[in-house]
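This report refers to the structure that appears directly beneath it.
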Amino acid sequence: MMEPAMESALDKGIHIEGLSKRYGAGDTAVDALKDVNMSVAPGEVIGLVGPSGSGKTTLLKCLGAVIEPTRGRMTLGGEVIYEQGWKIPDLRALRRDRIGFVFQAPYLIPFLDVTDNVALLPMLAGRSNSESRARALELLQTLDVAHRARAQTSELSGGEQQRVSIARALANRPPVILADEPTAPLDSERALAVMRILNQMARQYQTAIIVVTHDEKIIPTFKRIYHIRDGRTVEEAGEGREIS
Amino acid sequence: MISLAGRDILHSWGKFVLTGMGLGLLIGVTLTMAGVYRGMVDDAKVLLTNSGADLWVVQKDTQGPYAESSSIKDDVYRQILGLVGVVRAANVTYLTMQVRHGDKDERTMVVGFEPGQPGEPGYLVAGRRLVRSHYEAIADVKTGFRLGERIRIRRHDYEVVGLTSRMVSSGGDPMVFIPLKDAQEAQFLKDNDAIIGDRARTAANPALNRPGVPGLLDAINASQSSNRNVNAVLVMVAVGTAPDAVAREIRRWKHLEAYTRAQMEDILIAKLIATAARQIGMFLAILVIVSAAIVAFIIYTMTLGKIREIAVLKLIGTHNRTISAMILQQAVGLGLIGFAVGKIAATLWAPAFPKFVLLEPADAISGFVIVMVVCALASTLAIHAALKVDPAEAIGG
């Protein structure tokens, strides 16, 4: 059981209750998520672990406001965003301003340089080019890739590309980042480096980070883990191993 | 906000420019086709202008001398000179024929005219006008003849003494101007063997070779070996005289057909080159459709190659209108490159065409607008595909 202070903090992160998602109808209906409960506090990095087909991606898409749950309740930063339907009229703006995404492959925009890949989000949110680029450079500095600021994405190593994609996810200072298998293509050393960065960013920017993974290398680094199987989640304490 | 389209173009400019150049060559062909039609119309107008005539008098019930054959007697011009308002009238002949030049033949239109009268070339670009009554010629520069060269028309050699330009027939054949008498001979006289044969046949005909009428056979032979026909009489009217009024008089009293400048222009442009114009129009329509298909295919393919990026852009909150604008701008950019390449290519290769190609600025402006509209329309397919991309495609496998 969590302490009251922790519960209060969770309210400001992302919090879901009884979230379900059903695909199809009638005899062919498939319940991808069944009464899922989950809470992630600002500054916390949790793992979402499960085998293929367990519902990880469906949950991530619901959390990312990409698909609509069938029922349940979802709050973000204390604001209800889903309850019997979306409570936010502009889901595009919600994704842009309040949710960061990190993908298995970095999926950087190949025709933009490193800075503009990061600055694009603040620009889309209406900030000026100069302000957006300044923010991008600050993040690149923090993530130790500022020296590649003017480089094309194709000139970066895999690790550098992933750091740039993390910077992009943080560009609008979202309260939550959804990371979909961010370490899958990386070796142990680089995978742990990415997890160190995610933990550092979570603390520095008070961002709740949900990492979907089945990467055995990084599972010991989580303090809390949600196991998902057949659309249901079970929470358990992780090892919370320090990353050197 | 940065220009996503501009960045994408800069990122893959080589592919973009090469594609634009390919499209540009197609646009260049389209502009050239329009230029060929304009050239035909302009050639027809220049032909009429350079003849210096206000009226073309031809055989009754014909549309000669350019659209169909016309034959009238060469003394008709004297009757026309007697009409009120006519200041000059002169005979002309036109005959499309092969002119021997060195060891090869050149297809030309040989024009017979009377020096100093309507029908002679309006200006020379080199050499002099005809001063001798026979065996001198003025040629259009497109014949490739040079001053002082000798050319052979039928059985006589002519010296090229002058060069003119923009004097071509409605079929695009360059003109060669020779004295009227020579042209009449070239056009209507038979070769020696044919004349000998005709004389033998006439002599063998008892109705024409009567023993009691000694001068008859010679008179008939003389009439068979001389020519008194021309194709048209070109007429200049006095200042202040309406050509229409003179044409009416000629039609009414002389049993001939007379066309004003406007009517002759109508015959040349609306009738003579109408089929060619429709042909070119069909080509233009097909080229526009092919260009649109190519732009649509290229933009669609380029968009399909960016589906993952578009999904990511949509996931991170990019508006559909931003993505649509990116694709539209790329299509328009392709059109801009294509048009620039096409215009330059058409300007460069137009002089090499055997027929005059007239690239009108107005056609270029129309072409530019059409290219832009076609590119914009062609991009709709790609925009439709991009808007259908689900942002969820960026998440998961």
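Chain lettering (A, B, ...) mirrors the order of the structure tokens, residue numbering begins at 1 for each chain separately, and ligand numbering begins at 1 in order of display.
Using only C-alpha atoms, the protein and nucleic acid residues lying no more than 6 Å from region 283-286 of chain B, apart from those fewer than 3 places from it along its own chain, are Thr30, Ile280 and Ile289 of chain B.
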Residues from last step as file, N, CA and C atoms, as a CSV table (one decimal), in the first residue's frame:
chain,number,residue,atom,x,y,z
B,30,THR,N,5.7,20.2,-74.1
B,30,THR,CA,4.3,20.8,-74.2
B,30,THR,C,4.4,22.2,-74.7
B,280,ILE,N,-2.4,19.2,-82.8
B,280,ILE,CA,-1.5,19.7,-81.7
B,280,ILE,C,-2.3,19.8,-80.4
B,289,ILE,N,-2.2,15.5,-69.4
B,289,ILE,CA,-2.7,14.4,-68.6
B,289,ILE,C,-1.5,13.6,-68.2
query: When the cut-off is 10 Å and we count only C-alpha atoms, which residues of chain A are near chain B, given as a PyMOL selection string?
result: chain A and resi 56-58+60-62+64-67+90-105+107-113+116+119-130+132+152+168-169+178-181+212
- prompt: Nearest to Glu17 (chain A): which of A:Val194, A:Pro89, A:Thr233, A:Ser154 is it, counting only C-alpha atoms?
  reply: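 Once distances to Glu17 (chain A) are computed over only C-alpha atoms, the minimum belongs to A:Thr233.
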message: If we count only C-alpha atoms and set the cut-off at 12 Å, which residues sit around Val92 (chain B), ignoring sequence neighbours fewer than 3 positions away in its own chain? Please answer as a PyMOL selection string.
response: chain B and resi 51+53+56-58+64-66+70-77+89+95+110-115+117-121+177-184+187+228-235
task: Give me the residues within 12 Å of Met282 (chain B) as a list in words, counting only C-alpha atoms and dropping any in the same chain fewer than 6 places off.
output: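 So, after excluding close chain neighbours, the residues are Thr30, Met33, Ala34, Tyr37, Thr275, Ala276, Val288 and Ile289 of chain B.
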message: So, with only C-alpha atoms as the atoms that count, which of B:Leu55, B:Asn221, B:Val161, B:Met326 lies closest to Arg88 (chain B)?
response: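 Checking each of B:Leu55, B:Asn221, B:Val161, B:Met326 against Arg88 (chain B), counting only C-alpha atoms, the winner is B:Leu55.
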- prompt: Please, which residues of region 107-347 of chain B, numbered as in this document, come out alpha helix (DSSP H) from DSSP, as a VMD selection string?
  reply: chain B and resid 180 to 188 192 to 204 216 to 224 243 to 254 261 to 265 274 to 304 307 to 315 320 to 347
- request: Quick one: pick out all strand (DSSP E or B) residues within region 53-282 of chain B from a backbone DSSP run and write them as a count of residues only.
  value: 71
Near-region 236-238 of chain A list (12 Å; only C-alpha atoms; drop same-chain fewer than 5 positions) as a ChimeraX atom specification: /A:1-2,38,45-49,218-228
- prompt: In Å to one decimal, how far is CA of Phe145 (chain B) from CA of Tyr94 (chain B)?
  reply: 19.2 Å
message: Using only C-alpha atoms, which protein or nucleic acid residues come within 8 Å of region 24-35 of chain A? Drop anything in the same chain fewer than 4 positions from it, and give the result as number ranges by chain.
response: A: 17-20, 54-55, 58-59, 72, 230-232
Would you export the selected residues with N, CA and C atoms as an mmCIF file, in the first residue's frame, please?
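Written out: result-v6.cif:
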data_model
loop_
_atom_site.group_PDB
_atom_site.id
_atom_site.type_symbol
_atom_site.label_atom_id
_atom_site.label_comp_id
_atom_site.auth_asym_id
_atom_site.auth_seq_id
_atom_site.Cartn_x
_atom_site.Cartn_y
_atom_site.Cartn_z
ATOM 1 N N GLU A 17 -7.719 4.107 -13.881
ATOM 2 C CA GLU A 17 -8.537 3.202 -13.062
ATOM 3 C C GLU A 17 -9.518 2.455 -13.958
ATOM 4 N N GLY A 18 -9.517 1.166 -13.797
ATOM 5 C CA GLY A 18 -10.510 0.327 -14.490
ATOM 6 C C GLY A 18 -10.530 0.516 -15.993
ATOM 7 N N LEU A 19 -9.370 0.753 -16.566
ATOM 8 C CA LEU A 19 -9.314 1.028 -18.012
ATOM 9 C C LEU A 19 -9.475 -0.279 -18.798
ATOM 10 N N SER A 20 -10.404 -0.265 -19.713
ATOM 11 C CA SER A 20 -10.641 -1.448 -20.546
ATOM 12 C C SER A 20 -10.681 -1.037 -22.010
ATOM 13 N N SER A 54 0.081 -9.304 -24.995
ATOM 14 C CA SER A 54 -0.506 -9.194 -23.658
ATOM 15 C C SER A 54 -1.333 -7.924 -23.497
ATOM 16 N N GLY A 55 -1.129 -6.947 -24.384
ATOM 17 C CA GLY A 55 -1.897 -5.695 -24.296
ATOM 18 C C GLY A 55 -1.030 -4.478 -24.026
ATOM 19 N N THR A 58 -1.526 -1.807 -26.745
ATOM 20 C CA THR A 58 -2.879 -1.237 -26.650
ATOM 21 C C THR A 58 -2.949 -0.250 -25.491
ATOM 22 N N LEU A 59 -2.338 -0.635 -24.363
ATOM 23 C CA LEU A 59 -2.348 0.262 -23.207
ATOM 24 C C LEU A 59 -1.585 1.555 -23.529
ATOM 25 N N GLY A 72 -13.437 3.236 -18.311
ATOM 26 C CA GLY A 72 -12.404 3.484 -17.321
ATOM 27 C C GLY A 72 -12.230 4.973 -17.083
ATOM 28 N N ASP A 230 -2.685 -11.003 -20.545
ATOM 29 C CA ASP A 230 -4.084 -11.161 -20.973
ATOM 30 C C ASP A 230 -4.920 -9.923 -20.659
ATOM 31 N N GLY A 231 -4.301 -8.764 -20.775
ATOM 32 C CA GLY A 231 -5.039 -7.507 -20.615
ATOM 33 C C GLY A 231 -5.189 -7.044 -19.185
ATOM 34 N N ARG A 232 -4.602 -7.759 -18.229
ATOM 35 C CA ARG A 232 -4.712 -7.347 -16.828
ATOM 36 C C ARG A 232 -3.319 -7.012 -16.305
#
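Residue nearest Thr75 (chain A) within the list A:Ala149, A:Ile166, A:Thr142, A:Val176: A:Val176 [criterion: smallest interatomic distance, only C-alpha atoms].
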- prompt: CA of Thr303 (chain B) and CA of Thr19 (chain B), how far apart in Å?
  reply: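 CA of Thr303 (chain B) lies at a distance of 14.5 Å from CA of Thr19 (chain B).
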- request: Skip region 237-249 of chain B itself and residues of its chain fewer than 2 positions away, then list as a ChimeraX atom specification all residues within 7 Å of it, counting only C-alpha atoms.
  value: /B:54-55,85-88,235,251-253,258-260
- request: Compare A:Ala167, A:Leu76, A:Val114, A:Val211 by their minimum atom-to-atom distance to Ala184 (chain A), counting only C-alpha atoms, and give me the closest one.
  value: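 Result for the nearest residue to Ala184 (chain A): A:Val211.
Of the residues listed (B:Gln63, B:Val41, B:Gly171, B:Val36), B:Gln63 shows the shortest atom-to-atom separation from Leu256 (chain B); distances use only C-alpha atoms.
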message: Could you tell me how far CA of Asn37 (chain A) sits from CA of Arg71 (chain A), in Å to one decimal place?
response: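 Computing it gives 12.0 Å between the two atoms.
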